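Right, one structure below, let's go through it.
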Amino acid sequence: MLIQPNIKARRLGYIKLMLLFLEKDSGKRELPLRFAHFATQSDDKLSSYKDWHGQIFLDKNPRKSATPYVKLAESLDLIKKRNNSYSLSEHYPFQYESSPFKLYSEERMWFLNLFLRHDPIGLFLVFVMIENKTSYLWLRDNHDAITLELVDRLPYNHFLTSTLNLLASNTDNKLAKSSFFLPRLHWYYDLELLQLEYSITKSKTESLSAIGLDTPGIKLKRQITQVFDELDTMDKSEFVKRMRLLSKISIFDV
């Protein structure tokens with residue numbers, strides 16, 4: 001219902017690459033290290049993509065650089081680990097195209113279905129909180145208040161109450177909040193649900209400054225708002241059912 005991604009796991013193209021890699025190389029040990037060497041062969045494709053954040057690097061500690069993506073693939077039930085070796089739980093249903101990072105509409109729908117199945121609370125909360133041209137700092141700094149406001153409107157024993165309280169209590173520091181938001185914002189950016197804007201800080205570093213809704217994101221936001229309006233009447237099974245039904249709606253133009 002709510003996965004806990006590492007802040008570094010931001011590019012869905014690496015998940016695509018990992019599944020394609022394991023098609024030919026499953027059952028061997030040291031997947032993070034071997035995958036790091038494989039993934040960096042696509043560095044030129046990432047450099048020409050719209051966003052490079054979450055890049056896997058070979059220098060210093062390639063195993064550590066790739067591990068967040070291995071963990072994310074596990075959380076999405078795409079790969080399974082046994083005796084320290086990995087194999088596929090689910091095959092990537094599409095052919096490799098010119099760039100692993102550019103996702104076509106069918107691929108975007110496939111990834112959205114994964115998040116609707118395995119991370120519906122995370123997706124729900126992000127889209128409840130985002131309005132068009134939301135400041136990232138506002139989103140990060142008001143996360144707790146919005147989460148607790150949602151708790152207040154739910155019945156005492158609602159299935160989401162304990163999860164939301166735990167989420168608020170675990171986000172006392174900026175890193176924890178960033179770990180909740182930044183991976184998801186970039187996933188949804190890869191899916192062309194969101195638009196991200198960057199600015200240059202005083203220290204000459206690039207920083208995410210604003211989030212907007214892309215056209216498919218506006219459609220998804222509209223549907224999630226309907227779920228939100230009826231949330232206090234739903235039990236867990238109904239919430240899961242309503243979120244998964246979003247996969248039946250024409251979010252992306254095919």
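Simple scheme: letters A, B, ... for chains in structure tokens order, numbers from 1 for residues in each chain, numbers from 1 for ligands in the order shown.
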Any idea what's packed within 8 Å of His158 in chain A, counting only C-alpha atoms, ignoring anything in its chain fewer than 4 positions away? Could you give it as a short mmCIF file (atom, residue, chain, number, x, y, z; two decimals) with N, CA and C atoms, in the first residue's frame?
data_model
loop_
_atom_site.label_atom_id
_atom_site.label_comp_id
_atom_site.auth_asym_id
_atom_site.auth_seq_id
_atom_site.Cartn_x
_atom_site.Cartn_y
_atom_site.Cartn_z
N LEU A 154 -11.13 11.87 8.92
CA LEU A 154 -11.47 10.46 8.80
C LEU A 154 -12.08 9.92 10.09
N ASP A 232 -13.86 9.03 3.56
CA ASP A 232 -14.31 8.69 4.91
C ASP A 232 -15.36 7.57 4.94
N ASP A 235 -13.69 1.50 3.24
CA ASP A 235 -12.77 0.64 3.97
C ASP A 235 -11.57 0.36 3.08
#
### Task
If you run DSSP over the backbone, which residues in range 170-241 of chain A end up alpha helix (DSSP H)? Put them as number ranges by chain.
A: 174-190, 215-229, 236-241
Any chance you can output those residues with N, CA, C and O atoms as a compact mmCIF listing (two decimals), in the first residue's frame?
# COMPACT_ATOMS: atom_id res chain seq x y z
N LYS A 174 14.11 16.96 7.08
CA LYS A 174 13.97 17.27 5.67
C LYS A 174 14.33 16.08 4.78
O LYS A 174 13.73 15.88 3.72
N LEU A 175 15.32 15.27 5.20
CA LEU A 175 15.72 14.13 4.39
C LEU A 175 14.59 13.12 4.28
O LEU A 175 14.32 12.59 3.20
N ALA A 176 13.92 12.84 5.39
CA ALA A 176 12.83 11.88 5.37
C ALA A 176 11.69 12.36 4.48
O ALA A 176 11.10 11.60 3.71
N LYS A 177 11.37 13.65 4.56
CA LYS A 177 10.31 14.20 3.72
C LYS A 177 10.72 14.17 2.25
O LYS A 177 9.92 13.84 1.38
N SER A 178 11.98 14.52 2.00
CA SER A 178 12.46 14.48 0.62
C SER A 178 12.45 13.06 0.08
O SER A 178 12.18 12.83 -1.10
N SER A 179 12.72 12.07 0.94
CA SER A 179 12.72 10.67 0.52
C SER A 179 11.30 10.21 0.17
O SER A 179 11.13 9.30 -0.64
N PHE A 180 10.30 10.82 0.79
CA PHE A 180 8.92 10.51 0.43
C PHE A 180 8.56 11.16 -0.90
O PHE A 180 8.00 10.52 -1.80
N PHE A 181 8.90 12.44 -1.06
CA PHE A 181 8.43 13.19 -2.22
C PHE A 181 9.28 13.03 -3.47
O PHE A 181 8.76 12.79 -4.55
N LEU A 182 10.60 13.20 -3.35
CA LEU A 182 11.42 13.34 -4.55
C LEU A 182 11.37 12.12 -5.48
O LEU A 182 11.24 12.29 -6.70
N PRO A 183 11.49 10.89 -4.97
CA PRO A 183 11.36 9.76 -5.91
C PRO A 183 10.01 9.76 -6.63
O PRO A 183 9.95 9.59 -7.86
N ARG A 184 8.93 9.97 -5.87
CA ARG A 184 7.60 9.92 -6.49
C ARG A 184 7.41 11.05 -7.49
O ARG A 184 6.83 10.84 -8.57
N LEU A 185 7.87 12.24 -7.17
CA LEU A 185 7.73 13.34 -8.12
C LEU A 185 8.45 13.03 -9.43
O LEU A 185 7.95 13.34 -10.51
N HIS A 186 9.63 12.42 -9.33
CA HIS A 186 10.37 12.08 -10.54
C HIS A 186 9.74 10.91 -11.29
O HIS A 186 9.74 10.88 -12.53
N TRP A 187 9.19 9.92 -10.56
CA TRP A 187 8.49 8.84 -11.25
C TRP A 187 7.34 9.40 -12.08
O TRP A 187 7.16 9.04 -13.24
N TYR A 188 6.55 10.27 -11.44
CA TYR A 188 5.38 10.82 -12.13
C TYR A 188 5.79 11.79 -13.24
O TYR A 188 5.05 11.96 -14.21
N TYR A 189 6.97 12.38 -13.10
CA TYR A 189 7.52 13.19 -14.18
C TYR A 189 7.90 12.31 -15.37
O TYR A 189 7.61 12.64 -16.53
N ASP A 190 8.52 11.16 -15.11
CA ASP A 190 8.82 10.20 -16.17
C ASP A 190 7.54 9.73 -16.86
O ASP A 190 7.54 9.45 -18.06
N THR A 215 -1.01 17.32 -18.70
CA THR A 215 -2.40 17.00 -19.08
C THR A 215 -2.87 15.65 -18.52
O THR A 215 -3.96 15.57 -17.93
N PRO A 216 -2.10 14.55 -18.64
CA PRO A 216 -2.55 13.30 -18.02
C PRO A 216 -2.66 13.42 -16.50
O PRO A 216 -3.53 12.79 -15.88
N GLY A 217 -1.78 14.22 -15.89
CA GLY A 217 -1.85 14.42 -14.44
C GLY A 217 -3.11 15.14 -14.02
O GLY A 217 -3.66 14.89 -12.94
N ILE A 218 -3.58 16.05 -14.85
CA ILE A 218 -4.84 16.75 -14.55
C ILE A 218 -6.00 15.75 -14.54
O ILE A 218 -6.87 15.78 -13.67
N LYS A 219 -5.98 14.83 -15.52
CA LYS A 219 -7.02 13.79 -15.56
C LYS A 219 -6.96 12.92 -14.32
O LYS A 219 -7.99 12.59 -13.71
N LEU A 220 -5.74 12.52 -13.94
CA LEU A 220 -5.57 11.66 -12.76
C LEU A 220 -5.97 12.39 -11.49
O LEU A 220 -6.62 11.82 -10.61
N LYS A 221 -5.57 13.64 -11.38
CA LYS A 221 -5.93 14.47 -10.21
C LYS A 221 -7.45 14.55 -10.05
O LYS A 221 -7.98 14.43 -8.93
N ARG A 222 -8.16 14.71 -11.15
CA ARG A 222 -9.61 14.79 -11.11
C ARG A 222 -10.22 13.51 -10.55
O ARG A 222 -11.14 13.55 -9.72
N GLN A 223 -9.69 12.37 -10.97
CA GLN A 223 -10.20 11.09 -10.50
C GLN A 223 -9.85 10.85 -9.03
O GLN A 223 -10.66 10.34 -8.25
N ILE A 224 -8.63 11.21 -8.64
CA ILE A 224 -8.20 11.02 -7.26
C ILE A 224 -8.98 11.95 -6.33
O ILE A 224 -9.29 11.57 -5.18
N THR A 225 -9.34 13.13 -6.79
CA THR A 225 -10.16 14.03 -5.99
C THR A 225 -11.51 13.40 -5.69
O THR A 225 -12.05 13.55 -4.58
N GLN A 226 -12.07 12.67 -6.64
CA GLN A 226 -13.34 11.97 -6.39
C GLN A 226 -13.18 10.91 -5.30
O GLN A 226 -14.06 10.75 -4.44
N VAL A 227 -12.07 10.18 -5.34
CA VAL A 227 -11.79 9.20 -4.29
C VAL A 227 -11.64 9.91 -2.95
O VAL A 227 -12.17 9.47 -1.93
N PHE A 228 -10.90 11.02 -2.95
CA PHE A 228 -10.67 11.79 -1.73
C PHE A 228 -11.99 12.25 -1.11
O PHE A 228 -12.17 12.18 0.11
N ASP A 229 -12.92 12.72 -1.93
CA ASP A 229 -14.19 13.23 -1.43
C ASP A 229 -15.04 12.16 -0.76
O ASP A 229 -15.90 12.47 0.07
N LYS A 236 -10.63 -0.42 3.58
CA LYS A 236 -9.39 -0.66 2.84
C LYS A 236 -9.64 -1.30 1.49
O LYS A 236 -9.06 -0.87 0.47
N SER A 237 -10.48 -2.30 1.44
CA SER A 237 -10.72 -3.01 0.18
C SER A 237 -11.36 -2.10 -0.85
O SER A 237 -11.04 -2.17 -2.06
N GLU A 238 -12.25 -1.22 -0.42
CA GLU A 238 -12.90 -0.31 -1.35
C GLU A 238 -11.92 0.73 -1.88
O GLU A 238 -11.94 1.08 -3.06
N PHE A 239 -11.03 1.22 -0.99
CA PHE A 239 -10.01 2.17 -1.43
C PHE A 239 -9.10 1.54 -2.48
O PHE A 239 -8.83 2.13 -3.53
N VAL A 240 -8.62 0.32 -2.20
CA VAL A 240 -7.75 -0.38 -3.15
C VAL A 240 -8.48 -0.59 -4.47
O VAL A 240 -7.91 -0.37 -5.55
N LYS A 241 -9.73 -0.98 -4.39
CA LYS A 241 -10.52 -1.21 -5.60
C LYS A 241 -10.67 0.07 -6.41
O LYS A 241 -10.47 0.08 -7.64
#### Entry: Test item: residues at most 8 Å from Lys102 in chain A, only C-alpha atoms, excluding those fewer than 3 positions along its chain, as an MDAnalysis selection string
chainID A and resid 13 49 99 190
### Query
Quick one: residues within 9 Å of range 137-147 of chain A, only C-alpha atoms counted, chain neighbours fewer than 3 positions away excluded, as JSON, numbers by chain?
{"A": [125, 129, 130, 134, 150, 151, 152, 164, 165, 167, 168, 169, 171, 172, 174, 177, 178, 181, 208, 209, 210]}
Interface rows for range 25-144 of chain A against range 245-252 of chain A: nearest pair, Å to one decimal, 12 Å, only C-alpha atoms, as JSON lines:
{"residue": "A:Leu103", "atom": "CA", "partner": "A:Phe252", "partner_atom": "CA", "distance": 11.6}
{"residue": "A:Tyr104", "atom": "CA", "partner": "A:Phe252", "partner_atom": "CA", "distance": 9.6}
{"residue": "A:Ser105", "atom": "CA", "partner": "A:Phe252", "partner_atom": "CA", "distance": 6.0}
{"residue": "A:Glu106", "atom": "CA", "partner": "A:Phe252", "partner_atom": "CA", "distance": 8.2}
{"residue": "A:Glu107", "atom": "CA", "partner": "A:Phe252", "partner_atom": "CA", "distance": 10.2}
{"residue": "A:Arg108", "atom": "CA", "partner": "A:Phe252", "partner_atom": "CA", "distance": 7.9}
{"residue": "A:Met109", "atom": "CA", "partner": "A:Phe252", "partner_atom": "CA", "distance": 7.2}
{"residue": "A:Trp110", "atom": "CA", "partner": "A:Ser247", "partner_atom": "CA", "distance": 8.8}
{"residue": "A:Phe111", "atom": "CA", "partner": "A:Ser247", "partner_atom": "CA", "distance": 10.2}
{"residue": "A:Leu112", "atom": "CA", "partner": "A:Ser247", "partner_atom": "CA", "distance": 7.4}
{"residue": "A:Asn113", "atom": "CA", "partner": "A:Ser247", "partner_atom": "CA", "distance": 5.9}
{"residue": "A:Leu114", "atom": "CA", "partner": "A:Ser247", "partner_atom": "CA", "distance": 9.6}
{"residue": "A:Phe115", "atom": "CA", "partner": "A:Ser247", "partner_atom": "CA", "distance": 10.1}
{"residue": "A:Leu116", "atom": "CA", "partner": "A:Ser247", "partner_atom": "CA", "distance": 7.6}
{"residue": "A:Arg117", "atom": "CA", "partner": "A:Ser247", "partner_atom": "CA", "distance": 9.7}
{"residue": "A:Pro120", "atom": "CA", "partner": "A:Leu246", "partner_atom": "CA", "distance": 10.5}
{"residue": "A:Leu123", "atom": "CA", "partner": "A:Leu246", "partner_atom": "CA", "distance": 11.6}
{"residue": "A:Phe124", "atom": "CA", "partner": "A:Leu246", "partner_atom": "CA", "distance": 11.2}
### Query
Excluding same-chain residues fewer than 4 positions from range 53-65 of chain A, what lies within 9 Å of it counting only C-alpha atoms, as a list in words?
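Neighbouring residues, sequence-local ones excluded: Ile7, Lys8, Ala9, Arg10, Arg11, Tyr14, Glu30, Leu31, Pro32, Leu33, Arg34, Phe35, Ala36, His37, Ala39, Thr40, Asp43, Leu46, Tyr69, Pro183 and His186 of chain A.
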### Task
Assign secondary structure with DSSP using the backbone only, and return the residues of range 18-141 of chain A in strand (DSSP E or B) as a list in words.
Arg29, Ile79, Lys80, Lys81, Arg82, Ser85, Tyr86, Ser87, Leu88, Thr134 and Ser135 of chain A
#### Entry: Shell of 10 Å around range 75-91 of chain A, only C-alpha atoms, local chain residues under 2 positions omitted, as a count of residues only
33
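Rounded to one decimal, CA of Asn132 in chain A and CA of Leu213 in chain A lie 5.4 Å from each other.
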### Query
What does the distance from CA of Phe127 in chain A to CA of Ser48 in chain A come to in Å, to one decimal?
28.1 Å
### Query
What is the CA of Leu160 in chain A-CA of Gly212 in chain A distance in Å, reported with one decimal?
26.5 Å
